[in-house]
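In what follows, a single structure is set out as C-alpha coordinates and then discussed.
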Amino acid sequence: MFGYIKTNKPELLIKDFELYRSVYCGLCKSLGRHYTILSRFSLNYDFTVFAILKIALDENEPCIKPGRCMFNPLARRACCVGNANVDFAADALILSTYHKLRDDVKDSGFWGKIGKGLLLLPYRCFAKKAARRSPEAAEIMQRYIEAQDALEREQCAHLDRITQPTSQMLISLFTLHVEDTALREALTKLADNLGKWIYLIDAVDDLQKDCEKGEYNPIALAYSLSPDEPAAQEAAVRQVELLLNLSITEAVRALETLPMRRFDMILRNILYMGMPLVQKRVLGKYRKEATAES
Amino acid sequence: MDPYRVLGISSNATEEEIKAAYRERSREYLPENFNGQMPEDALEKMKEINAAYDEAMRRLKSSAANNGAAQAQTESAESAPAADYLQIRGDINNNRLDNADAALDYVPENQRGAEWYFLKGSVMYKRGWYSEALRYFSTAHTMEPKNREYKAAFDNAQRQPNQNGYNPYAGKYNNGPYTGNRNVNGGGCSACDMCQGLICADCCCECMGGDLISCC
(Lines give C-alpha, C1' and ligand atoms only; values in the text may rest on other atoms or scores of the structure.)
Protein backbone atom coordinates (compact mmCIF):
# COMPACT_ATOMS: atom_id res chain seq x y z
CA MET A 1 0.00 0.00 0.00
CA PHE A 2 2.99 2.25 -0.35
CA GLY A 3 3.87 4.68 -3.06
CA TYR A 4 0.44 5.80 -4.22
CA ILE A 5 0.38 9.22 -2.56
CA LYS A 6 2.71 11.24 -4.73
CA THR A 7 3.12 14.69 -6.15
CA ASN A 8 2.68 15.43 -9.80
CA LYS A 9 6.22 16.69 -10.11
CA PRO A 10 6.07 18.53 -13.46
CA GLU A 11 3.19 20.62 -12.16
CA LEU A 12 4.95 21.55 -8.93
CA LEU A 13 6.60 24.94 -8.66
CA ILE A 14 10.32 24.74 -8.01
CA LYS A 15 10.02 26.45 -4.64
CA ASP A 16 7.34 23.96 -3.62
CA PHE A 17 9.41 21.08 -4.88
CA GLU A 18 12.38 22.28 -2.80
CA LEU A 19 10.16 22.42 0.28
CA TYR A 20 8.76 18.99 -0.47
CA ARG A 21 12.24 17.60 -0.84
CA SER A 22 13.40 19.29 2.35
CA VAL A 23 10.80 17.33 4.28
CA TYR A 24 11.76 14.17 2.40
CA CYS A 25 15.41 14.70 3.35
CA GLY A 26 14.44 15.60 6.90
CA LEU A 27 12.50 12.36 7.21
CA CYS A 28 15.46 10.41 5.86
CA LYS A 29 17.81 12.09 8.33
CA SER A 30 15.42 11.48 11.18
CA LEU A 31 15.32 7.79 10.26
CA GLY A 32 19.11 7.69 10.17
CA ARG A 33 19.47 9.42 13.49
CA HIS A 34 16.98 7.32 15.43
CA TYR A 35 17.04 3.98 13.64
CA THR A 36 20.49 3.53 12.02
CA ILE A 37 21.30 3.74 8.36
CA LEU A 38 19.56 0.50 7.45
CA SER A 39 16.15 2.02 8.11
CA ARG A 40 16.83 4.79 5.61
CA PHE A 41 16.14 2.38 2.76
CA SER A 42 12.52 2.13 3.79
CA LEU A 43 12.00 5.86 3.17
CA ASN A 44 8.91 6.50 1.11
CA TYR A 45 6.76 9.31 -0.24
CA ASP A 46 3.58 8.49 1.64
CA PHE A 47 4.98 9.35 5.03
CA THR A 48 6.66 12.42 3.58
CA VAL A 49 3.21 13.62 2.65
CA PHE A 50 1.98 12.73 6.10
CA ALA A 51 4.76 14.84 7.63
CA ILE A 52 3.97 17.67 5.22
CA LEU A 53 0.33 17.66 6.25
CA LYS A 54 1.28 17.72 9.92
CA ILE A 55 3.73 20.58 9.36
CA ALA A 56 1.18 22.47 7.25
CA LEU A 57 -1.16 22.60 10.23
CA ASP A 58 1.51 23.16 12.87
CA GLU A 59 1.71 26.49 14.65
CA ASN A 60 5.49 26.31 14.91
CA GLU A 61 7.51 27.31 11.92
CA PRO A 62 9.59 24.38 10.60
CA CYS A 63 13.35 24.81 10.61
CA ILE A 64 14.69 24.33 7.09
CA LYS A 65 18.47 24.44 6.72
CA PRO A 66 20.91 23.52 3.99
CA GLY A 67 22.46 20.13 4.56
CA ARG A 68 24.29 17.38 2.75
CA CYS A 69 22.98 14.00 1.78
CA MET A 70 25.04 10.97 2.62
CA PHE A 71 24.06 9.20 -0.60
CA ASN A 72 24.72 12.22 -2.77
CA PRO A 73 27.38 14.19 -0.90
CA LEU A 74 28.07 16.75 -3.61
CA ALA A 75 24.64 18.30 -3.60
CA ARG A 76 23.69 20.71 -0.85
CA ARG A 77 20.01 20.36 -0.19
CA ALA A 78 17.49 22.17 1.95
CA CYS A 79 16.56 19.89 4.78
CA CYS A 80 13.85 20.12 7.41
CA VAL A 81 15.62 19.12 10.62
CA GLY A 82 14.70 18.64 14.24
CA ASN A 83 10.96 18.77 13.59
CA ALA A 84 8.67 16.85 15.93
CA ASN A 85 6.22 16.14 13.09
CA VAL A 86 8.95 14.64 10.94
CA ASP A 87 10.14 12.50 13.84
CA PHE A 88 6.62 11.27 14.40
CA ALA A 89 6.28 10.45 10.71
CA ALA A 90 9.55 8.51 10.97
CA ASP A 91 8.20 6.44 13.87
CA ALA A 92 5.00 5.72 11.97
CA LEU A 93 7.01 4.81 8.89
CA ILE A 94 9.13 2.32 10.82
CA LEU A 95 6.07 0.75 12.41
CA SER A 96 4.20 0.38 9.14
CA THR A 97 7.27 -0.99 7.36
CA TYR A 98 7.67 -3.54 10.11
CA HIS A 99 4.06 -4.67 9.78
CA LYS A 100 4.37 -4.85 6.02
CA LEU A 101 7.56 -6.89 6.23
CA ARG A 102 5.99 -9.26 8.70
CA ASP A 103 3.06 -9.68 6.36
CA ASP A 104 5.41 -10.33 3.44
CA VAL A 105 7.33 -12.98 5.36
CA LYS A 106 4.09 -14.73 6.18
CA ASP A 107 3.00 -14.75 2.52
CA SER A 108 6.28 -15.67 0.83
CA GLY A 109 7.81 -19.06 0.04
CA PHE A 110 10.68 -20.85 1.71
CA TRP A 111 13.58 -18.77 0.36
CA GLY A 112 11.59 -15.60 0.65
CA LYS A 113 10.91 -16.43 4.28
CA ILE A 114 14.64 -16.75 4.95
CA GLY A 115 15.62 -13.60 3.04
CA LYS A 116 12.89 -11.38 4.38
CA GLY A 117 13.13 -12.95 7.82
CA LEU A 118 16.72 -11.75 8.02
CA LEU A 119 15.57 -8.24 7.16
CA LEU A 120 12.79 -8.51 9.69
CA LEU A 121 15.21 -9.03 12.61
CA PRO A 122 16.61 -5.48 12.71
CA TYR A 123 13.17 -4.07 11.97
CA ARG A 124 11.80 -5.82 15.01
CA CYS A 125 14.30 -3.83 17.08
CA PHE A 126 13.41 -0.61 15.25
CA ALA A 127 9.71 -1.21 15.78
CA LYS A 128 10.29 -1.74 19.49
CA LYS A 129 12.11 1.56 19.68
CA ALA A 130 9.43 3.29 17.62
CA ALA A 131 6.76 1.91 19.94
CA ARG A 132 8.69 3.34 22.87
CA ARG A 133 8.97 6.73 21.19
CA SER A 134 5.37 6.94 19.96
CA PRO A 135 3.27 4.43 21.91
CA GLU A 136 -0.01 5.83 20.52
CA ALA A 137 1.05 5.31 16.92
CA ALA A 138 2.17 1.75 17.68
CA GLU A 139 -1.12 0.98 19.37
CA ILE A 140 -3.18 2.48 16.51
CA MET A 141 -1.31 0.50 13.83
CA GLN A 142 -1.49 -2.73 15.78
CA ARG A 143 -5.23 -2.37 16.32
CA TYR A 144 -6.19 -1.57 12.74
CA ILE A 145 -3.84 -4.01 11.10
CA GLU A 146 -5.43 -6.74 13.20
CA ALA A 147 -8.88 -5.53 12.16
CA GLN A 148 -7.76 -5.61 8.53
CA ASP A 149 -6.42 -9.15 8.88
CA ALA A 150 -9.66 -10.28 10.48
CA LEU A 151 -11.73 -8.84 7.62
CA GLU A 152 -9.47 -10.44 5.02
CA ARG A 153 -9.63 -13.78 6.78
CA GLU A 154 -13.40 -13.76 6.72
CA GLN A 155 -13.18 -13.04 2.94
CA CYS A 156 -14.99 -9.73 3.16
CA ALA A 157 -16.49 -8.85 -0.23
CA HIS A 158 -17.97 -5.49 0.73
CA LEU A 159 -15.93 -2.67 -0.74
CA ASP A 160 -17.05 -0.15 1.88
CA ARG A 161 -16.44 -2.38 4.86
CA ILE A 162 -13.03 -3.62 3.77
CA THR A 163 -11.65 -0.08 3.48
CA GLN A 164 -12.72 0.80 7.02
CA PRO A 165 -9.59 -0.30 8.92
CA THR A 166 -7.27 1.69 6.65
CA SER A 167 -9.52 4.74 6.91
CA GLN A 168 -9.80 4.41 10.66
CA MET A 169 -6.07 4.01 11.02
CA LEU A 170 -5.40 7.19 9.05
CA ILE A 171 -8.12 9.04 10.95
CA SER A 172 -6.52 8.10 14.27
CA LEU A 173 -3.04 9.01 13.07
CA PHE A 174 -4.13 12.32 11.55
CA THR A 175 -6.20 13.47 14.51
CA LEU A 176 -3.75 12.36 17.19
CA HIS A 177 -3.15 15.27 19.62
CA VAL A 178 -5.52 17.51 17.64
CA GLU A 179 -7.90 19.22 20.07
CA ASP A 180 -9.87 21.64 17.90
CA THR A 181 -13.24 20.09 16.97
CA ALA A 182 -13.63 21.71 13.57
CA LEU A 183 -10.10 20.75 12.61
CA ARG A 184 -10.64 17.20 13.84
CA GLU A 185 -13.75 16.94 11.70
CA ALA A 186 -11.99 18.17 8.57
CA LEU A 187 -9.01 15.88 9.19
CA THR A 188 -11.32 12.94 9.81
CA LYS A 189 -13.00 13.47 6.47
CA LEU A 190 -9.70 13.88 4.67
CA ALA A 191 -8.15 10.81 6.29
CA ASP A 192 -11.27 8.73 5.74
CA ASN A 193 -11.27 9.45 2.01
CA LEU A 194 -7.52 9.06 1.64
CA GLY A 195 -7.68 5.71 3.42
CA LYS A 196 -10.43 4.46 1.12
CA TRP A 197 -8.55 5.63 -1.92
CA ILE A 198 -5.27 4.04 -0.84
CA TYR A 199 -6.85 0.70 -0.03
CA LEU A 200 -8.88 0.56 -3.24
CA ILE A 201 -6.09 1.67 -5.55
CA ASP A 202 -3.87 -0.99 -4.01
CA ALA A 203 -6.58 -3.58 -4.53
CA VAL A 204 -7.00 -2.52 -8.17
CA ASP A 205 -3.26 -2.60 -8.69
CA ASP A 206 -3.03 -6.16 -7.37
CA LEU A 207 -6.28 -7.34 -8.93
CA GLN A 208 -4.80 -9.21 -11.84
CA LYS A 209 -1.99 -10.76 -9.85
CA ASP A 210 -4.34 -11.85 -7.10
CA CYS A 211 -6.81 -13.26 -9.60
CA GLU A 212 -4.12 -15.36 -11.24
CA LYS A 213 -2.74 -16.64 -7.98
CA GLY A 214 -6.19 -17.09 -6.48
CA GLU A 215 -5.38 -14.86 -3.54
CA TYR A 216 -7.73 -12.68 -1.60
CA ASN A 217 -8.79 -9.51 -3.37
CA PRO A 218 -11.94 -7.63 -2.32
CA ILE A 219 -12.69 -6.41 -5.84
CA ALA A 220 -12.46 -9.88 -7.30
CA LEU A 221 -14.84 -11.14 -4.61
CA ALA A 222 -17.26 -8.21 -4.83
CA TYR A 223 -17.70 -8.65 -8.59
CA SER A 224 -17.01 -12.43 -8.53
CA LEU A 225 -14.25 -12.22 -11.10
CA SER A 226 -12.30 -15.10 -12.53
CA PRO A 227 -8.76 -14.75 -13.94
CA ASP A 228 -9.62 -15.60 -17.56
CA GLU A 229 -12.11 -12.80 -18.10
CA PRO A 230 -10.30 -9.54 -18.80
CA ALA A 231 -13.52 -7.89 -20.01
CA ALA A 232 -15.27 -8.53 -16.69
CA GLN A 233 -12.19 -7.28 -14.92
CA GLU A 234 -12.28 -4.10 -16.91
CA ALA A 235 -15.96 -3.56 -16.13
CA ALA A 236 -15.32 -4.09 -12.42
CA VAL A 237 -12.40 -1.69 -12.50
CA ARG A 238 -14.67 0.89 -14.12
CA GLN A 239 -17.07 0.55 -11.21
CA VAL A 240 -14.26 0.91 -8.70
CA GLU A 241 -13.09 3.98 -10.56
CA LEU A 242 -16.32 5.72 -9.54
CA LEU A 243 -15.53 5.03 -5.90
CA LEU A 244 -11.97 6.25 -6.35
CA ASN A 245 -13.22 9.44 -7.99
CA LEU A 246 -15.66 10.08 -5.17
CA SER A 247 -12.93 9.59 -2.60
CA ILE A 248 -10.68 12.11 -4.31
CA THR A 249 -13.51 14.61 -4.72
CA GLU A 250 -14.44 14.42 -1.06
CA ALA A 251 -10.80 14.46 0.08
CA VAL A 252 -10.21 17.61 -1.96
CA ARG A 253 -13.26 19.19 -0.38
CA ALA A 254 -11.97 18.35 3.08
CA LEU A 255 -8.51 19.65 2.24
CA GLU A 256 -9.91 23.03 1.26
CA THR A 257 -11.51 23.44 4.69
CA LEU A 258 -8.20 22.89 6.49
CA PRO A 259 -6.48 25.97 7.90
CA MET A 260 -3.18 25.36 6.15
CA ARG A 261 -0.42 27.68 7.30
CA ARG A 262 2.10 26.59 4.69
CA PHE A 263 2.73 23.90 2.07
CA ASP A 264 -0.82 24.33 0.77
CA MET A 265 0.28 24.27 -2.86
CA ILE A 266 2.14 20.99 -2.30
CA LEU A 267 -0.90 19.37 -0.75
CA ARG A 268 -3.14 20.72 -3.49
CA ASN A 269 -0.77 19.40 -6.10
CA ILE A 270 -0.92 15.95 -4.52
CA LEU A 271 -4.69 15.79 -4.23
CA TYR A 272 -5.69 17.61 -7.39
CA MET A 273 -3.04 16.22 -9.71
CA GLY A 274 -0.79 13.62 -8.10
CA MET A 275 -3.45 11.17 -7.03
CA PRO A 276 -5.49 11.39 -10.24
CA LEU A 277 -2.29 10.74 -12.17
CA VAL A 278 -1.47 7.61 -10.15
CA GLN A 279 -5.07 6.49 -10.55
CA LYS A 280 -4.88 6.94 -14.30
CA ARG A 281 -1.69 4.90 -14.45
CA VAL A 282 -3.08 2.04 -12.35
CA LEU A 283 -6.44 1.93 -14.13
CA GLY A 284 -4.79 2.31 -17.52
CA LYS A 285 -3.17 -1.07 -17.00
CA TYR A 286 -6.58 -2.71 -17.33
CA ARG A 287 -7.84 -0.55 -20.19
CA LYS A 288 -4.91 -1.26 -22.44
CA GLU A 289 -4.96 -5.00 -21.93
CA ALA A 290 -8.65 -5.16 -22.66
CA THR A 291 -8.39 -3.14 -25.84
CA ALA A 292 -5.27 -4.96 -27.04
CA GLU A 293 -6.95 -8.34 -26.78
CA SER A 294 -10.25 -7.40 -28.31
CA MET B 1 -42.70 39.16 15.42
CA ASP B 2 -45.80 38.31 13.47
CA PRO B 3 -44.65 37.10 10.06
CA TYR B 4 -48.05 37.69 8.49
CA ARG B 5 -48.12 41.33 9.57
CA VAL B 6 -44.62 41.97 8.23
CA LEU B 7 -45.58 40.51 4.86
CA GLY B 8 -49.01 42.13 4.98
CA ILE B 9 -51.09 38.99 4.47
CA SER B 10 -53.72 37.08 6.41
CA SER B 11 -52.68 34.19 8.63
CA ASN B 12 -54.36 31.59 6.41
CA ALA B 13 -52.61 32.65 3.21
CA THR B 14 -51.62 29.99 0.70
CA GLU B 15 -48.07 29.29 -0.39
CA GLU B 16 -48.57 31.33 -3.58
CA GLU B 17 -49.83 34.34 -1.63
CA ILE B 18 -46.87 34.22 0.76
CA LYS B 19 -44.42 34.06 -2.12
CA ALA B 20 -46.10 36.92 -3.96
CA ALA B 21 -46.16 39.08 -0.84
CA TYR B 22 -42.51 38.31 -0.20
CA ARG B 23 -41.54 39.30 -3.74
CA GLU B 24 -43.58 42.48 -3.46
CA ARG B 25 -42.09 43.55 -0.13
CA SER B 26 -38.50 42.65 -0.95
CA ARG B 27 -38.61 44.60 -4.20
CA GLU B 28 -38.75 47.82 -2.20
CA TYR B 29 -35.41 47.02 -0.62
CA LEU B 30 -33.34 46.11 -3.64
CA PRO B 31 -29.82 47.60 -3.62
CA GLU B 32 -30.58 49.38 -6.90
CA ASN B 33 -33.09 51.60 -5.11
CA PHE B 34 -30.30 52.89 -2.90
CA ASN B 35 -27.61 53.43 -5.56
CA GLY B 36 -25.96 50.20 -4.50
CA GLN B 37 -25.44 51.48 -0.94
CA MET B 38 -27.96 49.92 1.42
CA PRO B 39 -28.56 52.04 4.54
CA GLU B 40 -28.54 50.20 7.89
CA ASP B 41 -32.28 50.33 8.49
CA ALA B 42 -33.02 49.01 5.00
CA LEU B 43 -30.77 46.04 5.66
CA GLU B 44 -32.56 45.44 8.94
CA LYS B 45 -35.91 45.61 7.22
CA MET B 46 -34.76 43.16 4.55
CA LYS B 47 -33.61 40.72 7.24
CA GLU B 48 -36.98 41.03 8.93
CA ILE B 49 -38.79 40.26 5.69
CA ASN B 50 -36.60 37.24 5.03
CA ALA B 51 -37.19 35.93 8.54
CA ALA B 52 -40.93 36.51 8.21
CA TYR B 53 -41.00 34.63 4.91
CA ASP B 54 -39.11 31.67 6.38
CA GLU B 55 -41.37 31.61 9.41
CA ALA B 56 -44.57 31.83 7.35
CA MET B 57 -43.40 29.02 5.07
CA ARG B 58 -42.45 26.91 8.06
CA ARG B 59 -45.87 27.38 9.66
CA LEU B 60 -47.53 26.55 6.35
CA LYS B 61 -45.50 23.36 5.99
CA SER B 62 -46.08 22.20 9.53
CA SER B 63 -49.83 22.80 9.29
CA ALA B 64 -49.85 20.94 5.96
CA ALA B 65 -47.96 18.08 7.57
CA ASN B 66 -50.43 18.03 10.47
CA ASN B 67 -53.36 18.05 8.08
CA GLY B 68 -51.72 15.36 6.04
CA ALA B 69 -51.10 13.22 9.09
CA ALA B 70 -54.66 13.70 10.30
CA GLN B 71 -55.96 12.87 6.84
CA ALA B 72 -53.76 9.80 6.62
CA GLN B 73 -55.03 8.64 9.99
CA THR B 74 -58.62 8.96 8.89
CA GLU B 75 -58.01 7.37 5.51
CA SER B 76 -55.82 4.42 6.39
CA ALA B 77 -52.77 3.73 8.52
CA GLU B 78 -50.65 2.59 5.60
CA SER B 79 -49.92 5.80 3.70
CA ALA B 80 -48.31 7.56 6.66
CA PRO B 81 -44.56 7.61 5.83
CA ALA B 82 -44.74 10.37 3.19
CA ALA B 83 -44.65 13.02 5.93
CA ASP B 84 -41.65 11.34 7.61
CA TYR B 85 -39.31 11.93 4.68
CA LEU B 86 -39.27 15.64 5.41
CA GLN B 87 -38.05 14.93 8.92
CA ILE B 88 -35.45 12.48 7.59
CA ARG B 89 -34.18 15.06 5.13
CA GLY B 90 -33.75 17.50 7.99
CA ASP B 91 -31.83 14.89 9.96
CA ILE B 92 -29.54 14.20 7.00
CA ASN B 93 -28.89 17.89 6.42
CA ASN B 94 -28.01 18.37 10.08
CA ASN B 95 -25.73 15.33 10.08
CA ARG B 96 -27.93 13.32 12.45
CA LEU B 97 -27.22 10.28 10.32
CA ASP B 98 -28.05 7.64 12.90
CA ASN B 99 -31.52 9.11 13.43
CA ALA B 100 -32.13 9.29 9.70
CA ASP B 101 -30.86 5.78 9.11
CA ALA B 102 -33.00 4.33 11.90
CA ALA B 103 -36.08 6.15 10.57
CA LEU B 104 -35.37 4.84 7.07
CA ASP B 105 -34.91 1.27 8.26
CA TYR B 106 -38.24 1.57 10.03
CA VAL B 107 -40.05 2.01 6.70
CA PRO B 108 -41.43 -1.40 5.72
CA GLU B 109 -39.79 -2.94 2.69
CA ASN B 110 -42.87 -2.93 0.46
CA GLN B 111 -43.30 0.83 0.90
CA ARG B 112 -39.81 1.84 -0.14
CA GLY B 113 -40.10 4.15 -3.10
CA ALA B 114 -37.53 6.07 -5.11
CA GLU B 115 -37.30 8.73 -2.42
CA TRP B 116 -36.45 6.11 0.17
CA TYR B 117 -33.57 4.85 -1.97
CA PHE B 118 -32.42 8.39 -2.60
CA LEU B 119 -32.40 9.25 1.11
CA LYS B 120 -30.74 5.99 2.05
CA GLY B 121 -28.09 6.73 -0.57
CA SER B 122 -27.57 10.19 0.91
CA VAL B 123 -27.06 8.72 4.38
CA MET B 124 -24.56 6.22 2.98
CA TYR B 125 -22.75 8.92 1.04
CA LYS B 126 -22.40 11.11 4.12
CA ARG B 127 -21.07 8.13 6.02
CA GLY B 128 -18.49 7.59 3.28
CA TRP B 129 -19.89 4.24 2.13
CA TYR B 130 -19.66 5.14 -1.51
CA SER B 131 -20.33 1.79 -3.14
CA GLU B 132 -23.58 1.43 -1.17
CA ALA B 133 -24.49 5.05 -1.94
CA LEU B 134 -23.96 4.47 -5.65
CA ARG B 135 -26.20 1.43 -5.57
CA TYR B 136 -29.04 3.29 -3.83
CA PHE B 137 -28.73 6.36 -6.03
CA SER B 138 -28.86 4.28 -9.17
CA THR B 139 -31.92 2.41 -7.89
CA ALA B 140 -33.66 5.72 -7.13
CA HIS B 141 -32.73 6.97 -10.57
CA THR B 142 -34.02 3.89 -12.38
CA MET B 143 -37.28 3.94 -10.40
CA GLU B 144 -37.97 7.56 -11.28
CA PRO B 145 -35.75 8.55 -14.19
CA LYS B 146 -37.52 11.89 -14.62
CA ASN B 147 -36.86 13.15 -11.09
CA ARG B 148 -34.20 15.86 -11.30
CA GLU B 149 -33.02 15.42 -7.71
CA TYR B 150 -32.34 11.71 -8.07
CA LYS B 151 -30.73 12.23 -11.45
CA ALA B 152 -28.45 14.95 -10.06
CA ALA B 153 -27.40 12.70 -7.18
CA PHE B 154 -26.74 9.84 -9.56
CA ASP B 155 -24.78 12.01 -11.99
CA ASN B 156 -22.81 13.68 -9.22
CA ALA B 157 -21.72 10.32 -7.92
CA GLN B 158 -20.42 9.41 -11.36
CA ARG B 159 -18.46 12.52 -12.12
CA GLN B 160 -14.74 12.77 -12.59
CA PRO B 161 -12.76 14.61 -9.97
CA ASN B 162 -11.78 18.16 -10.95
CA GLN B 163 -13.94 18.01 -14.03
CA ASN B 164 -14.08 21.79 -14.15
CA GLY B 165 -10.38 21.65 -14.79
CA TYR B 166 -9.40 23.15 -11.47
CA ASN B 167 -5.94 24.52 -11.69
CA PRO B 168 -4.43 25.74 -8.45
CA TYR B 169 -2.29 28.16 -10.36
CA ALA B 170 -5.18 29.67 -12.29
CA GLY B 171 -5.26 33.41 -12.11
CA LYS B 172 -1.54 33.64 -11.52
CA TYR B 173 -0.16 32.54 -14.82
CA ASN B 174 -3.05 33.36 -17.08
CA ASN B 175 -1.01 35.98 -18.90
CA GLY B 176 2.28 34.18 -18.57
CA PRO B 177 4.29 32.43 -21.20
CA TYR B 178 2.86 28.98 -20.43
CA THR B 179 -0.78 29.48 -21.25
CA GLY B 180 -1.83 27.25 -24.09
CA ASN B 181 -3.80 29.14 -26.71
CA ARG B 182 -2.68 32.71 -26.77
CA ASN B 183 -3.25 34.92 -29.72
CA VAL B 184 0.04 34.56 -31.59
CA ASN B 185 -0.29 37.98 -33.22
CA GLY B 186 -0.60 39.57 -29.85
CA GLY B 187 -3.33 41.88 -31.15
CA GLY B 188 -0.84 43.49 -33.56
CA CYS B 189 -0.69 43.60 -37.33
CA SER B 190 -1.06 40.40 -39.35
CA ALA B 191 -0.24 39.76 -43.02
CA CYS B 192 -3.93 40.12 -43.77
CA ASP B 193 -4.03 43.54 -42.10
CA MET B 194 -1.06 44.67 -44.20
CA CYS B 195 -2.69 43.68 -47.50
CA GLN B 196 -5.85 45.42 -46.47
CA GLY B 197 -3.90 48.55 -45.62
CA LEU B 198 -2.10 48.53 -48.97
CA ILE B 199 -5.34 48.15 -50.89
CA CYS B 200 -6.84 51.01 -48.92
CA ALA B 201 -3.87 53.22 -49.62
CA ASP B 202 -4.09 52.28 -53.30
CA CYS B 203 -7.75 53.31 -53.41
CA CYS B 204 -6.93 56.66 -51.81
CA CYS B 205 -4.11 57.27 -54.28
CA GLU B 206 -6.38 56.45 -57.22
CA CYS B 207 -8.98 58.93 -55.96
CA MET B 208 -6.32 61.61 -56.08
CA GLY B 209 -5.31 60.57 -59.56
CA GLY B 210 -2.18 58.66 -58.59
CA ASP B 211 -1.52 54.95 -58.30
CA LEU B 212 0.19 52.92 -55.60
CA ILE B 213 -0.25 49.38 -56.92
CA SER B 214 -0.26 49.56 -60.67
CA CYS B 215 -1.91 46.20 -61.32
CA CYS B 216 -5.24 47.06 -59.64
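Just remember, in the C-alpha coordinates the first chain shown is A, the second B, etc., residues are 1-based per chain, and ligands are 1-based in the order shown.
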Residues of chain B at most 7 Å from chain A: nearest atom pair and distance in Å, only C-alpha atoms, as CSV:
residue,atom,partner,partner_atom,distance
B:Trp129,CA,A:Asp160,CA,5.2
B:Tyr130,CA,A:Leu243,CA,6.0
B:Ser131,CA,A:Asp160,CA,6.3
B:Ala157,CA,A:Leu246,CA,6.7
B:Gln158,CA,A:Leu242,CA,5.8
B:Gln160,CA,A:Asn245,CA,5.9
B:Pro161,CA,A:Thr249,CA,5.3
Leaving out Leu43 in chain A and any residue of its chain fewer than 4 positions from it, which residues lie within 10 Å of it when counting only C-alpha atoms, given as a PyMOL selection string? chain A and resi 24-25+27-29+31+39+47-48+90+93-94+97
Just the selected residues (N, CA and C atoms), exported as an mmCIF file, in the first residue's frame, please.
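This went into part33.cif:
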data_model
loop_
_atom_site.group_PDB
_atom_site.id
_atom_site.type_symbol
_atom_site.label_atom_id
_atom_site.label_comp_id
_atom_site.auth_asym_id
_atom_site.auth_seq_id
_atom_site.Cartn_x
_atom_site.Cartn_y
_atom_site.Cartn_z
ATOM 1 N N TYR A 24 11.316 15.522 2.774
ATOM 2 C CA TYR A 24 11.765 14.170 2.402
ATOM 3 C C TYR A 24 13.138 13.896 3.001
ATOM 4 N N CYS A 25 14.050 14.862 2.814
ATOM 5 C CA CYS A 25 15.406 14.698 3.352
ATOM 6 C C CYS A 25 15.373 14.692 4.874
ATOM 7 N N LEU A 27 13.011 13.658 6.769
ATOM 8 C CA LEU A 27 12.496 12.358 7.210
ATOM 9 C C LEU A 27 13.603 11.315 7.138
ATOM 10 N N CYS A 28 14.365 11.365 6.046
ATOM 11 C CA CYS A 28 15.457 10.405 5.860
ATOM 12 C C CYS A 28 16.494 10.577 6.973
ATOM 13 N N LYS A 29 16.812 11.837 7.273
ATOM 14 C CA LYS A 29 17.808 12.086 8.330
ATOM 15 C C LYS A 29 17.284 11.639 9.679
ATOM 16 N N LEU A 31 15.219 9.252 10.229
ATOM 17 C CA LEU A 31 15.324 7.789 10.256
ATOM 18 C C LEU A 31 16.748 7.387 10.611
ATOM 19 N N SER A 39 17.561 1.635 8.211
ATOM 20 C CA SER A 39 16.151 2.015 8.107
ATOM 21 C C SER A 39 15.925 3.054 7.023
ATOM 22 N N PHE A 47 4.798 8.758 3.705
ATOM 23 C CA PHE A 47 4.976 9.347 5.026
ATOM 24 C C PHE A 47 5.590 10.742 4.933
ATOM 25 N N THR A 48 6.238 11.036 3.813
ATOM 26 C CA THR A 48 6.664 12.415 3.579
ATOM 27 C C THR A 48 5.432 13.310 3.510
ATOM 28 N N ALA A 90 8.530 9.550 11.050
ATOM 29 C CA ALA A 90 9.552 8.510 10.968
ATOM 30 C C ALA A 90 9.149 7.304 11.811
ATOM 31 N N LEU A 93 6.453 5.496 10.061
ATOM 32 C CA LEU A 93 7.007 4.811 8.887
ATOM 33 C C LEU A 93 7.662 3.493 9.288
ATOM 34 N N ILE A 94 8.466 3.538 10.348
ATOM 35 C CA ILE A 94 9.133 2.320 10.818
ATOM 36 C C ILE A 94 8.095 1.273 11.210
ATOM 37 N N THR A 97 6.363 -0.131 8.134
ATOM 38 C CA THR A 97 7.266 -0.985 7.357
ATOM 39 C C THR A 97 7.435 -2.339 8.049
#
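Interatomic distance, CA of Thr7 in chain A to CA of Tyr123 in chain A: 28.0 Å.
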Write out as a PyMOL selection string the set of residues from range 10-64 of chain B that DSSP, computed on the backbone, places in helix (DSSP H, G or I). chain B and resi 15-27+31-34+40-64
Could you give me, as a ChimeraX atom specification, the residues within 12 Å of Ile219 in chain A, counting only C-alpha atoms and dropping anything in the same chain fewer than 4 positions from it? /A:155-160,162-163,199-208,210-211,215,223-226,232-241,243 /B:131
Provide the CA of Val282 in chain A to CA of Pro165 in chain A distance in Å, to one decimal place. 22.4 Å
Give me, as a PyMOL selection string, all polymer residues having an atom no more than 8 Å from Leu173 in chain A, counting only C-alpha atoms and skipping those fewer than 4 positions away in the same chain. chain A and resi 137+140+169
Long-range neighbours of Ser22 in chain A as a count of residues only, 9 Å cut-off, only C-alpha atoms, 6 positions minimum in chain: 8
